$ cat data_21.csv   # CSV, C-alpha atoms
chain,number,residue,atom,x,y,z
H,257,MET,CA,0.4,-60.7,-7.5
H,258,ASN,CA,-1.0,-59.5,-4.3
H,259,PHE,CA,-0.6,-55.7,-3.8
H,260,SER,CA,-1.2,-54.2,-0.4
H,261,SER,CA,-2.3,-51.0,-2.1
H,262,ALA,CA,-5.0,-50.6,-4.8
H,263,LEU,CA,-3.3,-47.4,-6.0
H,264,ILE,CA,-0.1,-49.4,-6.8
H,265,GLU,CA,-2.1,-52.2,-8.3
H,266,GLU,CA,-3.8,-49.8,-10.7
H,267,ALA,CA,-0.6,-48.1,-11.7
H,268,VAL,CA,1.1,-51.5,-12.3
H,269,GLN,CA,-2.0,-52.6,-14.4
H,270,GLU,CA,-1.7,-49.5,-16.5
H,271,PHE,CA,2.0,-49.7,-17.0
H,272,SER,CA,1.8,-53.4,-18.0
H,273,LYS,CA,-0.6,-52.5,-20.9
H,274,LEU,CA,2.4,-50.8,-22.6
H,275,PRO,CA,4.1,-53.0,-25.3
H,276,GLY,CA,7.0,-55.0,-24.1
H,277,ILE,CA,6.3,-54.2,-20.4
H,278,GLY,CA,5.2,-57.2,-18.3
H,279,LYS,CA,4.0,-57.2,-14.7
H,280,LYS,CA,7.4,-57.4,-13.1
H,281,THR,CA,8.8,-54.5,-15.2
H,282,ALA,CA,5.7,-52.5,-14.5
H,283,LEU,CA,6.1,-53.0,-10.8
H,284,ARG,CA,9.8,-52.0,-11.0
H,285,LEU,CA,8.8,-48.8,-12.8
H,286,VAL,CA,6.0,-48.0,-10.4
H,287,LEU,CA,8.3,-48.6,-7.4
H,288,HIS,CA,10.9,-46.3,-9.0
H,289,LEU,CA,8.3,-43.6,-9.4
H,290,LEU,CA,7.2,-44.1,-5.8
H,291,LYS,CA,10.7,-43.1,-4.8
H,292,GLN,CA,10.8,-39.9,-6.8
H,293,ASP,CA,9.6,-36.7,-5.4
H,294,LYS,CA,5.9,-35.7,-6.1
H,295,ASP,CA,6.8,-32.9,-8.5
H,296,SER,CA,8.8,-35.0,-10.9
H,297,VAL,CA,6.1,-37.7,-11.0
H,298,GLN,CA,3.5,-35.0,-11.7
H,299,ARG,CA,5.7,-33.8,-14.5
H,300,PHE,CA,5.8,-37.3,-16.0
H,301,SER,CA,2.1,-37.8,-15.7
H,302,LYS,CA,1.3,-34.4,-17.1
H,303,ALA,CA,3.7,-34.7,-20.0
H,304,ILE,CA,1.9,-37.9,-21.1
H,305,ALA,CA,-1.6,-36.6,-20.6
H,306,ARG,CA,-0.8,-33.3,-22.4
H,307,MET,CA,0.9,-35.1,-25.3
H,308,ARG,CA,-2.1,-37.2,-26.0
H,309,GLU,CA,-4.6,-34.4,-25.4
H,310,ASP,CA,-2.9,-31.6,-27.4
H,311,ILE,CA,-1.2,-33.5,-30.2
H,312,ARG,CA,-2.2,-32.6,-33.7
H,313,PHE,CA,-1.3,-33.9,-37.1
H,314,CYS,CA,0.1,-31.6,-39.7
H,315,SER,CA,-2.8,-30.9,-42.2
H,316,GLN,CA,-0.2,-31.0,-45.0
H,317,CYS,CA,2.0,-34.0,-44.4
H,318,HIS,CA,0.1,-35.8,-41.5
H,319,ASN,CA,3.2,-35.9,-39.4
H,320,VAL,CA,2.7,-35.2,-35.7
H,321,SER,CA,2.7,-31.5,-34.9
H,322,ASP,CA,2.0,-29.0,-32.2
H,323,GLN,CA,0.4,-26.6,-34.7
H,324,ASP,CA,-1.8,-27.0,-37.8
H,325,ILE,CA,1.3,-27.1,-40.0
H,326,CYS,CA,4.3,-29.0,-38.6
H,327,ARG,CA,7.8,-27.7,-37.9
H,328,ILE,CA,9.2,-29.4,-41.0
H,329,CYS,CA,6.5,-28.2,-43.4
H,330,SER,CA,6.8,-24.6,-42.1
H,331,ASP,CA,10.6,-24.6,-42.2
H,332,PHE,CA,11.6,-22.1,-44.9
H,333,SER,CA,15.0,-23.6,-45.4
H,334,ARG,CA,13.7,-26.9,-46.6
H,335,ARG,CA,13.1,-27.8,-50.3
H,336,LYS,CA,9.4,-27.7,-51.1
H,337,ASN,CA,9.7,-29.5,-54.4
H,338,GLN,CA,10.8,-32.9,-52.8
H,339,ILE,CA,8.4,-35.1,-50.9
H,340,CYS,CA,9.5,-38.2,-49.1
H,341,VAL,CA,6.6,-40.7,-48.7
H,342,VAL,CA,6.9,-42.8,-45.5
H,343,GLU,CA,4.6,-45.2,-43.6
H,344,THR,CA,4.7,-43.7,-40.1
H,345,ILE,CA,6.0,-40.7,-38.1
H,346,ARG,CA,8.7,-43.0,-36.8
H,347,ASP,CA,10.2,-43.2,-40.3
H,348,VAL,CA,10.2,-39.4,-40.5
H,349,MET,CA,12.3,-39.4,-37.3
H,350,ALA,CA,14.6,-42.1,-38.7
H,351,ILE,CA,15.3,-40.2,-41.9
H,352,GLU,CA,15.6,-36.9,-40.1
H,353,ALA,CA,18.3,-38.5,-37.9
H,354,THR,CA,20.4,-39.1,-40.9
H,355,GLN,CA,20.6,-35.4,-41.6
H,356,GLN,CA,20.8,-36.2,-45.3
H,357,TYR,CA,17.4,-35.0,-46.4
H,358,SER,CA,16.2,-31.5,-46.7
H,359,GLY,CA,12.8,-31.9,-48.5
H,360,LEU,CA,9.3,-32.4,-47.1
H,361,TYR,CA,7.5,-35.6,-46.0
H,362,HIS,CA,4.2,-37.3,-46.5
H,363,VAL,CA,3.1,-39.8,-43.8
H,364,LEU,CA,0.8,-42.4,-45.3
H,365,GLY,CA,-0.2,-43.9,-41.9
H,366,GLY,CA,0.5,-47.4,-43.0
H,367,ILE,CA,1.0,-49.5,-46.2
H,368,ILE,CA,-1.4,-51.4,-48.4
H,369,SER,CA,-2.0,-54.8,-46.7
H,370,PRO,CA,-5.0,-56.7,-47.8
H,371,LEU,CA,-4.6,-59.3,-45.0
H,372,ASP,CA,-5.0,-56.6,-42.4
H,373,GLY,CA,-7.8,-55.0,-44.4
H,374,ILE,CA,-5.8,-51.9,-45.3
H,375,GLY,CA,-6.4,-50.7,-48.8
H,376,PRO,CA,-5.4,-47.4,-50.5
H,377,ASP,CA,-8.5,-45.6,-49.1
H,378,GLN,CA,-7.3,-46.1,-45.5
H,379,LEU,CA,-4.1,-44.3,-46.3
H,380,GLN,CA,-3.2,-40.7,-47.0
H,381,ILE,CA,-2.8,-41.2,-50.7
H,382,SER,CA,-5.5,-38.9,-52.0
H,383,SER,CA,-4.0,-36.0,-50.0
H,384,LEU,CA,-0.6,-36.9,-51.6
H,385,MET,CA,-2.3,-36.5,-55.0
H,386,GLN,CA,-3.6,-33.1,-53.9
H,387,ARG,CA,-0.1,-32.0,-53.0
H,388,VAL,CA,1.3,-33.2,-56.3
H,389,LYS,CA,-1.6,-31.5,-58.2
H,390,SER,CA,-0.6,-28.2,-56.6
H,391,GLY,CA,2.3,-28.2,-59.0
H,392,GLU,CA,5.2,-27.3,-56.8
H,393,VAL,CA,6.4,-30.9,-56.4
H,394,GLU,CA,9.2,-32.1,-58.7
H,395,GLU,CA,10.2,-35.4,-57.0
H,396,ILE,CA,8.5,-38.1,-54.9
H,397,ILE,CA,10.8,-40.3,-53.0
H,398,LEU,CA,9.1,-43.6,-51.9
H,399,ALA,CA,10.7,-44.5,-48.7
H,400,LEU,CA,8.5,-47.5,-47.7
H,401,SER,CA,9.5,-50.7,-46.0
H,402,PRO,CA,11.5,-53.1,-48.3
H,403,THR,CA,8.7,-55.8,-48.0
H,404,LEU,CA,6.1,-57.2,-50.4
H,405,GLU,CA,3.5,-54.8,-48.9
H,406,GLY,CA,5.9,-51.8,-49.1
H,407,ASP,CA,6.7,-52.6,-52.7
H,408,THR,CA,3.0,-53.0,-53.6
H,409,THR,CA,2.3,-49.6,-52.0
H,410,SER,CA,5.2,-48.0,-53.9
H,411,TYR,CA,4.0,-49.5,-57.1
H,412,TYR,CA,0.4,-48.4,-56.5
H,413,ILE,CA,1.5,-44.8,-55.7
H,414,SER,CA,3.8,-44.6,-58.7
H,415,ARG,CA,1.0,-45.7,-61.0
H,416,THR,CA,-1.5,-43.3,-59.4
H,417,LEU,CA,1.0,-40.4,-60.1
H,418,LYS,CA,2.0,-41.6,-63.6
H,419,GLU,CA,0.1,-38.7,-65.3
H,420,TYR,CA,2.1,-36.0,-63.5
H,421,PRO,CA,5.4,-34.7,-64.8
H,422,ILE,CA,7.4,-35.6,-61.7
H,423,ARG,CA,10.3,-37.8,-60.9
H,424,ILE,CA,9.4,-40.8,-58.8
H,425,THR,CA,12.3,-42.5,-57.0
H,426,ALA,CA,12.6,-45.2,-54.3
H,427,LEU,CA,15.3,-45.9,-51.6
H,428,SER,CA,18.2,-47.9,-53.1
H,429,ARG,CA,18.2,-51.5,-52.2
H,430,GLY,CA,21.4,-53.4,-51.3
H,431,VAL,CA,23.4,-55.0,-48.5
H,432,ALA,CA,23.3,-53.0,-45.3
H,433,PHE,CA,26.4,-51.2,-44.2
H,434,GLY,CA,28.2,-53.2,-41.5
H,435,GLY,CA,26.4,-56.4,-42.3
H,436,GLU,CA,28.0,-59.7,-43.3
H,437,LEU,CA,27.6,-60.7,-46.9
H,438,GLU,CA,26.9,-64.4,-46.1
H,439,TYR,CA,23.9,-63.5,-43.9
H,440,ALA,CA,22.3,-61.2,-46.5
H,441,ASP,CA,19.2,-62.9,-48.0
H,442,GLU,CA,19.3,-64.1,-51.6
H,443,LEU,CA,16.8,-61.5,-52.9
H,444,THR,CA,18.8,-58.6,-51.5
H,445,LEU,CA,22.1,-60.0,-52.7
H,446,ALA,CA,20.6,-60.7,-56.2
H,447,ARG,CA,19.3,-57.1,-56.4
H,448,SER,CA,22.6,-55.7,-55.2
H,449,ILE,CA,24.4,-57.5,-58.0
H,450,GLN,CA,21.9,-56.3,-60.6
H,451,ASN,CA,21.9,-52.7,-59.4
H,452,ARG,CA,25.7,-52.6,-58.8
H,453,LEU,CA,27.2,-49.2,-58.7
H,454,PRO,CA,30.4,-47.7,-60.0
H,455,ILE,CA,33.1,-48.0,-57.3
H,456,GLU,CA,33.5,-44.2,-57.3
H,457,SER,CA,30.1,-43.8,-55.6
H,458,LEU,CA,31.2,-46.1,-52.8
H,459,VAL,CA,34.5,-44.3,-52.3
H,460,ASP,CA,32.8,-40.9,-52.4
H,461,HIS,CA,30.3,-42.1,-49.7
H,462,GLN,CA,33.1,-43.3,-47.5
H,463,GLN,CA,35.0,-40.0,-47.8
H,464,SER,CA,32.0,-37.8,-47.1
T,572,MET,CA,16.7,-37.2,-32.3
T,573,ASN,CA,14.7,-34.5,-34.1
T,574,PHE,CA,11.1,-34.5,-33.1
T,575,SER,CA,8.6,-32.5,-35.1
T,576,SER,CA,6.6,-32.0,-31.9
T,577,ALA,CA,7.7,-30.5,-28.6
T,578,LEU,CA,4.9,-32.4,-26.8
T,579,ILE,CA,6.3,-35.7,-28.0
T,580,GLU,CA,9.8,-34.6,-27.2
T,581,GLU,CA,8.8,-33.9,-23.6
T,582,ALA,CA,6.9,-37.2,-23.2
T,583,VAL,CA,9.9,-39.1,-24.6
T,584,GLN,CA,12.2,-37.2,-22.2
T,585,GLU,CA,10.1,-38.1,-19.3
T,586,PHE,CA,9.8,-41.8,-20.2
T,587,SER,CA,13.5,-42.2,-20.8
T,588,LYS,CA,14.1,-41.1,-17.2
T,589,LEU,CA,12.7,-44.4,-16.0
T,590,PRO,CA,15.2,-47.1,-15.2
T,591,GLY,CA,16.0,-49.4,-18.1
T,592,ILE,CA,14.2,-47.3,-20.7
T,593,GLY,CA,16.3,-45.6,-23.3
T,594,LYS,CA,15.4,-43.0,-25.9
T,595,LYS,CA,14.3,-45.6,-28.5
T,596,THR,CA,12.1,-47.5,-26.1
T,597,ALA,CA,10.7,-44.3,-24.7
T,598,LEU,CA,9.7,-43.2,-28.3
T,599,ARG,CA,8.1,-46.6,-28.9
T,600,LEU,CA,6.0,-46.2,-25.8
T,601,VAL,CA,5.0,-42.7,-26.6
T,602,LEU,CA,4.0,-43.6,-30.1
T,603,HIS,CA,2.0,-46.5,-28.7
T,604,LEU,CA,0.2,-44.2,-26.4
T,605,LEU,CA,-0.4,-41.8,-29.2
T,606,LYS,CA,-2.4,-44.5,-31.0
T,607,GLN,CA,-4.6,-45.2,-28.0
T,608,ASP,CA,-7.8,-43.3,-27.4
T,609,LYS,CA,-7.7,-40.3,-25.2
T,610,ASP,CA,-9.6,-41.9,-22.3
T,611,SER,CA,-7.2,-44.8,-21.8
T,612,VAL,CA,-4.2,-42.4,-21.9
T,613,GLN,CA,-5.9,-40.2,-19.3
T,614,ARG,CA,-6.4,-43.3,-17.2
T,615,PHE,CA,-2.8,-44.2,-17.5
T,616,SER,CA,-1.6,-40.7,-16.6
T,617,LYS,CA,-4.0,-40.3,-13.7
T,618,ALA,CA,-3.2,-43.7,-12.2
T,619,ILE,CA,0.4,-42.7,-11.9
T,620,ALA,CA,-0.3,-39.2,-10.6
T,621,ARG,CA,-2.8,-40.5,-8.0
T,622,MET,CA,-0.5,-43.4,-7.0
T,623,ARG,CA,2.3,-41.0,-6.1
T,624,GLU,CA,0.0,-38.4,-4.6
T,625,ASP,CA,-2.2,-40.5,-2.4
T,626,ILE,CA,0.1,-43.3,-1.4
T,627,ARG,CA,0.7,-43.8,2.3
T,628,PHE,CA,2.9,-46.0,4.3
T,629,CYS,CA,1.4,-48.3,7.0
T,630,SER,CA,2.2,-46.7,10.4
T,631,GLN,CA,2.7,-50.2,11.8
T,632,CYS,CA,4.7,-52.2,9.2
T,633,HIS,CA,5.8,-49.4,6.8
T,634,ASN,CA,4.5,-51.3,3.9
T,635,VAL,CA,2.7,-49.2,1.1
T,636,SER,CA,-0.9,-48.7,2.0
T,637,ASP,CA,-4.0,-46.8,1.0
T,638,GLN,CA,-5.0,-46.2,4.6
T,639,ASP,CA,-3.1,-45.5,7.8
T,640,ILE,CA,-2.9,-49.3,8.5
T,641,CYS,CA,-2.3,-51.5,5.5
T,642,ARG,CA,-4.4,-54.3,4.2
T,643,ILE,CA,-2.2,-57.0,5.6
T,644,CYS,CA,-1.9,-55.5,9.1
T,645,SER,CA,-5.7,-55.0,9.3
T,646,ASP,CA,-6.5,-58.4,8.0
T,647,PHE,CA,-8.1,-60.3,10.9
T,648,SER,CA,-7.3,-63.7,9.4
T,649,ARG,CA,-3.6,-63.2,9.6
T,650,ARG,CA,-1.5,-64.3,12.6
T,651,LYS,CA,-0.5,-61.3,14.7
T,652,ASN,CA,2.3,-63.1,16.5
T,653,GLN,CA,4.6,-63.6,13.5
T,654,ILE,CA,6.5,-60.7,11.9
T,655,CYS,CA,8.5,-61.2,8.8
T,656,VAL,CA,11.2,-58.6,8.5
T,657,VAL,CA,12.0,-57.5,4.9
T,658,GLU,CA,14.0,-54.9,3.2
T,659,THR,CA,11.5,-53.4,0.8
T,660,ILE,CA,7.8,-53.4,-0.2
T,661,ARG,CA,8.8,-55.5,-3.2
T,662,ASP,CA,9.9,-58.3,-0.9
T,663,VAL,CA,6.5,-58.2,0.8
T,664,MET,CA,4.9,-58.7,-2.6
T,665,ALA,CA,7.3,-61.5,-3.5
T,666,ILE,CA,6.6,-63.4,-0.2
T,667,GLU,CA,2.8,-62.8,-0.6
T,668,ALA,CA,3.0,-64.3,-4.0
T,669,THR,CA,4.1,-67.6,-2.5
T,670,GLN,CA,0.9,-67.8,-0.5
T,671,GLN,CA,2.9,-69.6,2.2
T,672,TYR,CA,2.9,-67.0,4.9
T,673,SER,CA,0.0,-65.8,7.0
T,674,GLY,CA,1.7,-63.5,9.5
T,675,LEU,CA,2.5,-59.8,9.4
T,676,TYR,CA,5.5,-57.9,7.9
T,677,HIS,CA,7.9,-55.3,8.9
T,678,VAL,CA,9.6,-53.3,6.1
T,679,LEU,CA,13.0,-52.0,7.1
T,680,GLY,CA,13.4,-49.7,4.1
T,681,GLY,CA,16.8,-51.1,3.3
T,682,ILE,CA,19.7,-53.0,5.0
T,683,ILE,CA,22.7,-52.0,6.9
T,684,SER,CA,25.3,-50.9,4.4
T,685,PRO,CA,28.2,-48.8,5.7
T,686,LEU,CA,29.5,-48.2,2.1
T,687,ASP,CA,26.2,-46.5,1.2
T,688,GLY,CA,26.1,-44.7,4.5
T,689,ILE,CA,23.1,-46.7,5.8
T,690,GLY,CA,23.3,-47.6,9.4
T,691,PRO,CA,20.7,-49.1,11.8
T,692,ASP,CA,19.3,-45.6,12.5
T,693,GLN,CA,18.3,-45.1,8.9
T,694,LEU,CA,16.2,-48.2,9.0
T,695,GLN,CA,12.9,-49.0,10.7
T,696,ILE,CA,14.6,-51.1,13.4
T,697,SER,CA,13.4,-49.1,16.5
T,698,SER,CA,9.8,-49.4,15.4
T,699,LEU,CA,10.3,-53.1,15.1
T,700,MET,CA,11.6,-53.1,18.7
T,701,GLN,CA,8.4,-51.3,19.7
T,702,ARG,CA,6.3,-53.9,18.1
T,703,VAL,CA,8.2,-56.7,19.8
T,704,LYS,CA,7.9,-54.8,23.2
T,705,SER,CA,4.2,-54.7,22.8
T,706,GLY,CA,4.3,-58.4,23.7
T,707,GLU,CA,2.1,-60.0,21.1
T,708,VAL,CA,5.0,-61.1,18.9
T,709,GLU,CA,6.2,-64.7,19.3
T,710,GLU,CA,8.4,-65.0,16.2
T,711,ILE,CA,10.5,-62.8,14.1
T,712,ILE,CA,11.4,-64.2,10.6
T,713,LEU,CA,14.4,-62.4,9.1
T,714,ALA,CA,13.7,-62.5,5.4
T,715,LEU,CA,16.6,-60.3,4.2
T,716,SER,CA,18.6,-60.7,1.0
T,717,PRO,CA,21.2,-63.5,1.3
T,718,THR,CA,24.1,-61.2,0.9
T,719,LEU,CA,26.8,-60.0,3.3
T,720,GLU,CA,24.8,-56.8,4.1
T,721,GLY,CA,21.6,-58.8,4.6
T,722,ASP,CA,23.3,-61.2,7.0
T,723,THR,CA,24.9,-58.3,8.9
T,724,THR,CA,21.5,-56.7,9.3
T,725,SER,CA,19.9,-60.1,10.4
T,726,TYR,CA,22.7,-60.5,12.9
T,727,TYR,CA,22.3,-56.9,14.2
T,728,ILE,CA,18.5,-57.3,14.6
T,729,SER,CA,18.8,-60.7,16.3
T,730,ARG,CA,21.3,-59.2,18.8
T,731,THR,CA,19.1,-56.2,19.4
T,732,LEU,CA,16.1,-58.5,20.1
T,733,LYS,CA,18.1,-61.0,22.2
T,734,GLU,CA,16.6,-59.9,25.5
T,735,TYR,CA,13.0,-60.6,24.4
T,736,PRO,CA,11.5,-64.1,24.8
T,737,ILE,CA,10.8,-64.6,21.1
T,738,ARG,CA,11.9,-67.0,18.4
T,739,ILE,CA,14.1,-65.5,15.8
T,740,THR,CA,14.4,-67.3,12.6
T,741,ALA,CA,15.8,-66.7,9.1
T,742,LEU,CA,15.0,-67.9,5.7
T,743,SER,CA,16.6,-71.2,4.9
T,744,ARG,CA,19.4,-71.1,2.4
T,745,GLY,CA,17.4,-72.4,-0.5
T,746,VAL,CA,18.1,-69.0,-2.0
T,747,ALA,CA,21.6,-68.7,-3.6
T,748,PHE,CA,24.2,-66.6,-1.8
T,749,GLY,CA,24.7,-63.3,-3.7
T,750,GLY,CA,21.3,-63.3,-5.3
T,751,GLU,CA,18.6,-60.7,-4.8
T,752,LEU,CA,15.4,-61.8,-3.0
T,753,GLU,CA,13.0,-60.4,-5.5
T,754,TYR,CA,14.3,-62.5,-8.3
T,755,ALA,CA,14.1,-65.8,-6.5
T,756,ASP,CA,11.5,-68.2,-8.0
T,757,GLU,CA,8.4,-68.7,-5.9
T,758,LEU,CA,9.1,-72.4,-5.1
T,759,THR,CA,12.5,-71.6,-3.7
T,760,LEU,CA,11.0,-68.7,-1.8
T,761,ALA,CA,8.2,-70.8,-0.5
T,762,ARG,CA,10.5,-73.6,0.7
T,763,SER,CA,12.7,-71.0,2.4
T,764,ILE,CA,9.8,-69.8,4.5
T,765,GLN,CA,8.7,-73.3,5.4
T,766,ASN,CA,12.2,-74.4,6.3
T,767,ARG,CA,13.2,-71.3,8.2
T,768,LEU,CA,16.0,-71.8,10.6
T,769,PRO,CA,17.1,-70.5,14.0
T,770,ILE,CA,19.3,-67.4,13.6
T,771,GLU,CA,22.3,-69.3,15.2
T,772,SER,CA,22.6,-71.5,12.1
T,773,LEU,CA,23.1,-68.4,9.9
T,774,VAL,CA,25.8,-67.1,12.2
T,775,ASP,CA,27.5,-70.4,12.2
T,776,HIS,CA,27.4,-70.4,8.4
T,777,GLN,CA,29.0,-67.0,8.2
T,778,GLN,CA,31.8,-68.0,10.5
T,779,SER,CA,32.6,-71.3,8.7
$ encode --input "data_21.csv" --output "structure tokens"
Amino acid sequence: MNFSSALIEEAVQEFSKLPGIGKKTALRLVLHLLKQDKDSVQRFSKAIARMREDIRFCSQCHNVSDQDICRICSDFSRRKNQICVVETIRDVMAIEATQQYSGLYHVLGGIISPLDGIGPDQLQISSLMQRVKSGEVEEIILALSPTLEGDTTSYYISRTLKEYPIRITALSRGVAFGGELEYADELTLARSIQNRLPIESLVDHQQS
Amino acid sequence: MNFSSALIEEAVQEFSKLPGIGKKTALRLVLHLLKQDKDSVQRFSKAIARMREDIRFCSQCHNVSDQDICRICSDFSRRKNQICVVETIRDVMAIEATQQYSGLYHVLGGIISPLDGIGPDQLQISSLMQRVKSGEVEEIILALSPTLEGDTTSYYISRTLKEYPIRITALSRGVAFGGELEYADELTLARSIQNRLPIESLVDHQQS
């Protein structure tokens, strides 16, 4: 596209580097910003620059943080003896959004995926070991993606931690709430039958 | 959503102010930027800040520009006796993309829309008059959206310019009535410029 301004061209270029944003959407966003007052565009620009510049990762759980230790790890009201192991910081947010978990987290930074060249050494597994060694941990909840790679990673971690006297659990598998049974894949459906639950647990869940 | 970092929270807030970008998409974009190196995020942030700070509008055609006179107006290879009248700078880009037009532009900044409180005085119509008065102009091409408001504006301008010895044309109706100009495909837009019609035919069409 022919822009009459190099400034706009550059801004559109930059916006269209973002995932899921093509040239037309980028232009729409740029023209929107052009209509806003200078202060609010400055605020937008600065929030992004500062975010990338000042962001830190929690030295304990590797979640994003503004300080050396993140808000969750330093929250006294949370249970320190439970660690929920997740792939990314996005999973932390997803689980936090459920408001059902009051323990700590451990962000691996990915899952074992030989095809992508990601082995256990590229992940934060040794630091998880260190946390377990410290002795305070009683349960590790493996909340990884229900895929082959996720299961491989869960299995690897559970084996690595075998020698420690802790409970190792994983997210329950089954048909998703609100889904249609006929569209559930065979593996999920098979597991849901094998791991069927007493009806009381379902009723309890609905009532809560 | 509960963010473990105020920096991320702020960046997500800012992104989600953009049109068509909700909280989830904003978070996805922020997490994407978080994975990029600091330099490229700085480039992104600066491109936006600079764009808004330094952008100017061409004092002749009101298109966006980096200088007092825009690239198009100062291009010696373009025909100075043709002026294509459009609503917004986006329409200029759309027409430029067809590569079918070698004249100049005039950006009105909107169209007459009594419901939105926009009358002729809010638009760059008097400066269009000035350009026509200068005597160099031989043809005015009214390339406004094929809507009731667009046609009203076209009709208003054609009446205002009636006393001058110039040709007044409008885009041919290859573009569907009720559509928005910027979403028209390039072929349709190119044909509409090639087959532009005298303003009378548009008026006849509205009356029938």
$ interface_residues --input "data_21.csv" --of "chain H" --to "chain T" --cutoff "8 Å" --atoms "only C-alpha atoms" --output "PyMOL selection string"
chain H and resi 257-264+266-267+270-271+274-275+285-286+288-290+294+297-311+319-322+326-328+349+352-353
$ closest_residue --input "data_21.csv" --among "T:Thr718, T:Gln653, T:Ser630, T:Ser648" --to "Gln695 (chain T)" --atoms "only C-alpha atoms"
T:Ser630
$ residues_near_point --input "data_21.csv" --point "(9.2, -32.9, -47.0)" --cutoff "9 Å" --atoms "only C-alpha atoms" --output "number ranges by chain"
H: 317, 328-329, 334-341, 357-362
$ closest_residue --input "data_21.csv" --among "H:Gly365, H:Val431, H:Leu437, H:Lys280" --to "Arg452 (chain H)" --atoms "all atoms listed in the file"
H:Val431
$ residues_around --input "data_21.csv" --residues "region 424-428 of chain H" --least-positions-apart "5" --cutoff "7 Å" --atoms "only C-alpha atoms" --output "PDB file with C-alpha atoms, keeping the file's coordinate frame"
ATOM      1  CA  GLU H 395      10.200 -35.400 -57.000  1.00  0.00           C
ATOM      2  CA  ILE H 396       8.500 -38.100 -54.900  1.00  0.00           C
ATOM      3  CA  ILE H 397      10.800 -40.300 -53.000  1.00  0.00           C
ATOM      4  CA  LEU H 398       9.100 -43.600 -51.900  1.00  0.00           C
ATOM      5  CA  ALA H 399      10.700 -44.500 -48.700  1.00  0.00           C
ATOM      6  CA  SER H 414       3.800 -44.600 -58.700  1.00  0.00           C
TER       7      SER H 414
END
$ atom_distance --input "data_21.csv" --atom1 "CA of His633 (chain T)" --atom2 "CA of Ile728 (chain T)"
16.9 Å
$ residues_near_point --input "data_21.csv" --point "(14.3, -54.9, 3.8)" --cutoff "6 Å" --atoms "only C-alpha atoms" --output "PyMOL selection string"
chain T and resi 657-659+678-682+715
$ atom_distance --input "data_21.csv" --atom1 "CA of Gln386 (chain H)" --atom2 "CA of Glu405 (chain H)"
23.4 Å
$ closest_residue --input "data_21.csv" --among "T:Asp692, T:Gly721, T:Tyr735, T:Leu686" --to "Glu709 (chain T)" --atoms "all atoms listed in the file"
T:Tyr735
$ atom_distance --input "data_21.csv" --atom1 "CA of Gln450 (chain H)" --atom2 "CA of Leu417 (chain H)"
26.3 Å
$ build_atoms --input "data_21.csv" --residues "region 713-721 of chain T" --atoms "N, CA, C and O atoms" --output "compact mmCIF listing (two decimals), in the coordinates of the input"
# COMPACT_ATOMS: atom_id res chain seq x y z
N LEU T 713 13.51 -63.33 9.83
CA LEU T 713 14.40 -62.40 9.10
C LEU T 713 14.48 -62.82 7.67
O LEU T 713 15.18 -63.78 7.35
N ALA T 714 13.76 -62.14 6.79
CA ALA T 714 13.70 -62.50 5.40
C ALA T 714 14.48 -61.46 4.55
O ALA T 714 13.91 -60.80 3.68
N LEU T 715 15.77 -61.31 4.86
CA LEU T 715 16.60 -60.30 4.20
C LEU T 715 17.36 -60.96 3.05
O LEU T 715 17.50 -62.18 3.01
N SER T 716 17.88 -60.14 2.14
CA SER T 716 18.60 -60.70 1.00
C SER T 716 19.81 -61.51 1.49
O SER T 716 20.49 -61.12 2.45
N PRO T 717 20.07 -62.65 0.84
CA PRO T 717 21.20 -63.50 1.30
C PRO T 717 22.51 -62.97 0.81
O PRO T 717 23.23 -63.59 0.04
N THR T 718 22.82 -61.77 1.27
CA THR T 718 24.10 -61.20 0.90
C THR T 718 24.80 -60.83 2.26
O THR T 718 24.24 -60.99 3.34
N LEU T 719 26.01 -60.33 2.13
CA LEU T 719 26.80 -60.00 3.30
C LEU T 719 26.03 -58.90 4.13
O LEU T 719 25.89 -59.00 5.35
N GLU T 720 25.50 -57.91 3.43
CA GLU T 720 24.80 -56.80 4.10
C GLU T 720 23.49 -57.36 4.76
O GLU T 720 23.15 -56.96 5.88
N GLY T 721 22.81 -58.24 4.03
CA GLY T 721 21.60 -58.80 4.60
C GLY T 721 21.87 -59.60 5.84
O GLY T 721 21.17 -59.46 6.86
